[in-house]
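Data block below; observations after.
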Amino acid sequence: MRYAGSLDFLPLWVLFLLTVAGVLLCIEAGYRLARHRAASDDHEKESSAGAMANASLGLLAFLLAFTFGFAANRVEARRNLMLDEVNAIGTTWLRTATLPEAERAQPRALLREYVDTRLAAARSPDVEVEIRRSVELQTRLWEHAAALAVRQPTSIVVGLYLQTLNETIDLHTKRVTETLRLRVPGVVWTVLYLVTALSMAEMGYHMGLGGIRRPLSTPALAITFASVVLLIADLDRPQSGWIRGSQEPMLELRQSMEE
C-alpha cells in the first residue's frame with residue numbers, strides 16, 4: 001500500500017502480543033545469561049550491572065517519550081488541517097452564490113460530491129481510490145472556474161472564487177501529506193525495539209546476578225511497556241487505528257450544503 005507505515009502490516013492486537021512476548025523473552029534471556037555467568041569465576045558485580053540497566057532504561061524512557069510526542073503532534077496537526085479544509089470548502093461554497101446564476105449549479109454539485117469523497121477518504125480502508133477521486137473533482141472544479149475567468153477576466157467575484165478554490169486544493173495536498181505520509185519513520189521503530197531488547201536483557205541480567213525472579217512485576221512491566229507502544233502505533237494509524245479523529249465539522253458542512 002502506497003501510504004502504509006512501517007508496522008501497518010501487523011494488526012494492533014498482534015503488535016501488542018508480540019511486544020509483550022519480546023519483552024519477556026529478552027528479560028528471560030538476560031536472566032539465564034547472568035545465572036550462567038554467576039556459576040563461573042568471571043562475572044560482574046550486581047551493582048555495576050544495575051547501574052548499566054538503569055541507564056539503558058532511562059534512555060528507553062526518553063525514546064518512548066520522543067516517539068509518543070511525535071505521534072501525538074501528528075494527531076493535533078491532522079485535526080487542525082481538517083478544520084482548515086472545512087473552512088476553505090465552506091468559503092468556496094458560499095462564494096458560488098456570487099457567481100452568475102447560470103454558473104452556480106455545476107460547482108455546487110461538484111463541491112457536494114467533493115465533500116462526500118473527503119468523508120469517504122477518512123473512513124475507507126482503500127484511501128488511494130478516494131484521493132484519486134478528490135483530485136479528479138478538483139480538476140473539474142478548476143476547469144470550470146478557469147473557463148469562467150476567461151469569459152469574465154475583470155470580474156472581482158470570479159477572482160475571489162478562484163482564490164478560495166485554490167486554497168481548498170492546496171489544503172487537500174497538505175492534509176494528505178500530514179495524514180498519510182508523515183508517519184513515525186521505520187528507523188525510529190527499529191531503534192526503539194533494539195533499545196528495548198537491550199534494556200530488558202540488561203534488566204534480566206541484573207536480576208539474574210542477584211538470583212531473584214520477580215514473577216509478578218516482570219509480566220506487569222511487559223504489559224505496561226507494550227501498552228505504551230500500542231498507543232503510539234494507534235496514534236500513528238489515522239486510517240486503521242482505534243483512535244480516529246472526529247469528522248463532525250465536515251459532516252456539518254455537508255448538511256449545510258443541503259439546507
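Residue numbering restarts at 1 in every chain; chains get A, B, ... in the order shown in the C-alpha cells, and ligands count up from 1 in that same order.
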
Kindly assemble as CSV a list of the range 101-137 of chain A residues that lie within 12 Å of range 70-90 of chain A, each paired with its nearest atom pair and their distance in Å to one decimal, using only C-alpha atoms, sorted first by chain and then by ascending residue number.
```
residue,atom,partner,partner_atom,distance
A:Pro107,CA,A:Ile89,CA,11.5
A:Arg108,CA,A:Ile89,CA,10.7
A:Leu110,CA,A:Ile89,CA,11.3
A:Leu111,CA,A:Ile89,CA,7.7
A:Arg112,CA,A:Ile89,CA,9.8
A:Glu113,CA,A:Ile89,CA,11.7
A:Tyr114,CA,A:Ile89,CA,9.1
A:Val115,CA,A:Ile89,CA,8.1
A:Asp116,CA,A:Ile89,CA,11.9
A:Arg118,CA,A:Glu85,CA,9.9
A:Leu119,CA,A:Met82,CA,10.6
A:Ala122,CA,A:Met82,CA,10.3
```

Task: Who sits within 10 Å of Thr96 in chain A, only C-alpha atoms, same chain under 5 positions skipped, as a ChimeraX atom specification - done: /A:91,101,103-108,111,157-158,160-161

Task: All alpha helix (DSSP H) positions in range 75-245 of chain A, as a PyMOL selection string - done: chain A and resi 75-95+105-123+127-151+156-176+186-210+217-235

Resulting file, chosen residues, C-alpha atoms, as a compact mmCIF listing (two decimals), in the first residue's frame:
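The new file out_3.txt reads:
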```
# COMPACT_ATOMS: atom_id res chain seq x y z
CA VAL A 75 -2.82 13.90 15.58
CA GLU A 76 -3.14 17.58 16.52
CA ALA A 77 -1.80 18.69 13.14
CA ARG A 78 -4.28 16.44 11.33
CA ARG A 79 -7.16 17.89 13.34
CA ASN A 80 -6.15 21.48 12.56
CA LEU A 81 -5.74 20.76 8.87
CA MET A 82 -9.15 19.11 8.73
CA LEU A 83 -10.72 22.24 10.23
CA ASP A 84 -8.82 24.45 7.79
CA GLU A 85 -10.02 22.34 4.89
CA VAL A 86 -13.62 22.50 6.11
CA ASN A 87 -13.39 26.30 6.34
CA ALA A 88 -11.88 26.57 2.86
CA ILE A 89 -14.53 24.34 1.29
CA GLY A 90 -17.26 26.21 3.15
CA THR A 91 -15.96 29.57 1.92
CA THR A 92 -15.77 28.25 -1.64
CA TRP A 93 -19.33 27.02 -1.33
CA LEU A 94 -20.56 30.39 -0.09
CA ARG A 95 -18.78 32.23 -2.90
CA ALA A 105 -25.26 24.62 -10.33
CA GLN A 106 -22.22 22.74 -11.62
CA PRO A 107 -19.65 23.87 -8.99
CA ARG A 108 -22.16 23.35 -6.20
CA ALA A 109 -22.88 19.79 -7.34
CA LEU A 110 -19.16 19.11 -7.62
CA LEU A 111 -18.49 20.56 -4.15
CA ARG A 112 -21.18 18.34 -2.62
CA GLU A 113 -19.58 15.31 -4.25
CA TYR A 114 -16.15 16.55 -3.16
CA VAL A 115 -17.18 16.71 0.50
CA ASP A 116 -18.68 13.20 0.24
CA THR A 117 -15.38 11.98 -1.17
CA ARG A 118 -13.37 13.65 1.60
CA LEU A 119 -15.61 11.99 4.21
CA ALA A 120 -15.22 8.62 2.49
CA ALA A 121 -11.44 9.04 2.43
CA ALA A 122 -11.39 9.39 6.22
CA ARG A 123 -13.30 6.13 6.68
CA VAL A 127 -7.90 5.61 0.72
CA GLU A 128 -6.00 5.83 -2.57
CA VAL A 129 -9.21 5.44 -4.57
CA GLU A 130 -10.87 8.31 -2.69
CA ILE A 131 -7.79 10.53 -3.07
CA ARG A 132 -7.76 9.96 -6.83
CA ARG A 133 -11.46 10.79 -6.94
CA SER A 134 -10.83 14.00 -4.97
CA VAL A 135 -8.13 15.06 -7.44
CA GLU A 136 -10.48 14.40 -10.36
CA LEU A 137 -13.16 16.59 -8.78
CA GLN A 138 -10.60 19.32 -8.13
CA THR A 139 -9.64 19.26 -11.80
CA ARG A 140 -13.26 19.59 -12.91
CA LEU A 141 -13.88 22.44 -10.45
CA TRP A 142 -10.76 24.28 -11.58
CA GLU A 143 -11.52 23.82 -15.29
CA HIS A 144 -14.99 25.28 -14.77
CA ALA A 145 -13.59 28.21 -12.77
CA ALA A 146 -10.81 28.83 -15.31
CA ALA A 147 -13.30 28.89 -18.18
CA LEU A 148 -15.43 31.36 -16.24
CA ALA A 149 -12.37 33.55 -15.63
CA VAL A 150 -11.58 33.56 -19.35
CA ARG A 151 -15.08 34.76 -20.13
CA ILE A 156 -13.60 40.54 -8.88
CA VAL A 157 -16.18 37.96 -7.84
CA VAL A 158 -14.65 35.28 -10.05
CA GLY A 159 -11.18 36.19 -8.76
CA LEU A 160 -12.26 35.70 -5.15
CA TYR A 161 -13.89 32.38 -6.03
CA LEU A 162 -10.67 31.22 -7.72
CA GLN A 163 -8.69 32.24 -4.65
CA THR A 164 -10.72 30.13 -2.22
CA LEU A 165 -10.88 27.21 -4.66
CA ASN A 166 -7.10 27.30 -4.94
CA GLU A 167 -6.84 27.28 -1.14
CA THR A 168 -9.14 24.25 -0.99
CA ILE A 169 -6.90 22.36 -3.42
CA ASP A 170 -3.76 23.33 -1.52
CA LEU A 171 -5.21 22.18 1.79
CA HIS A 172 -6.12 18.82 0.28
CA THR A 173 -2.46 18.28 -0.59
CA LYS A 174 -1.34 19.38 2.88
CA ARG A 175 -3.85 17.11 4.58
CA VAL A 176 -2.88 14.06 2.52
CA GLY A 186 10.77 2.95 10.22
CA VAL A 187 14.23 3.70 11.59
CA VAL A 188 12.64 5.07 14.79
CA TRP A 189 10.65 1.86 15.28
CA THR A 190 13.82 -0.17 14.63
CA VAL A 191 15.88 1.77 17.17
CA LEU A 192 13.02 1.70 19.70
CA TYR A 193 12.74 -2.08 19.61
CA LEU A 194 16.52 -2.53 19.56
CA VAL A 195 16.95 -0.35 22.67
CA THR A 196 14.02 -2.18 24.26
CA ALA A 197 15.59 -5.58 23.66
CA LEU A 198 18.95 -4.50 25.09
CA SER A 199 17.42 -2.68 28.08
CA MET A 200 15.16 -5.58 29.04
CA ALA A 201 18.02 -8.05 28.64
CA GLU A 202 20.21 -5.89 30.90
CA MET A 203 17.45 -5.74 33.48
CA GLY A 204 17.07 -9.52 33.34
CA TYR A 205 20.85 -9.85 33.65
CA HIS A 206 20.80 -7.70 36.78
CA MET A 207 18.03 -9.83 38.25
CA GLY A 208 19.99 -12.98 37.40
CA LEU A 209 23.10 -11.78 39.22
CA GLY A 210 21.02 -11.38 42.35
CA SER A 217 6.41 -7.41 38.38
CA THR A 218 8.06 -8.74 35.21
CA PRO A 219 4.80 -9.51 33.32
CA ALA A 220 3.36 -6.23 34.61
CA LEU A 221 6.34 -4.36 33.16
CA ALA A 222 5.95 -6.15 29.82
CA ILE A 223 2.24 -5.35 29.61
CA THR A 224 2.81 -1.72 30.61
CA PHE A 225 5.54 -1.21 28.02
CA ALA A 226 3.51 -2.94 25.31
CA SER A 227 0.51 -0.74 26.14
CA VAL A 228 2.56 2.41 25.57
CA VAL A 229 3.87 1.05 22.26
CA LEU A 230 0.30 0.10 21.30
CA LEU A 231 -0.86 3.66 22.00
CA ILE A 232 1.94 5.12 19.86
CA ALA A 233 1.17 2.76 16.99
CA ASP A 234 -2.55 3.56 17.25
CA LEU A 235 -1.93 7.31 17.12
```

- [ ] Considering only C-alpha atoms, state which residue in the set A:Pro125, A:Pro100, A:Gly58, A:Pro153 is at the smallest distance from Pro238 in chain A.
- [x]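 Selected residue with least distance to Pro238 in chain A: A:Pro125.
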
Open item on the list: I'd like the contact shell of Arg237 in chain A - 10 Å cut-off, only C-alpha atoms, skipping same-chain residues fewer than 2 positions apart - returned as an MDAnalysis selection string.
Closed with: chainID A and resid 4:5 7:8 12 71 75 179:180 183:184 232:235 239:244

Open item on the list: One number please: CA of Gly211 in chain A to CA of Ala34 in chain A, in Å, one decimal.
Closed with: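 Atom-to-atom, CA of Gly211 in chain A and CA of Ala34 in chain A are spaced 8.6 Å apart.
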
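The spacing separating CA of Ala21 in chain A from CA of Leu182 in chain A amounts to 28.9 Å.
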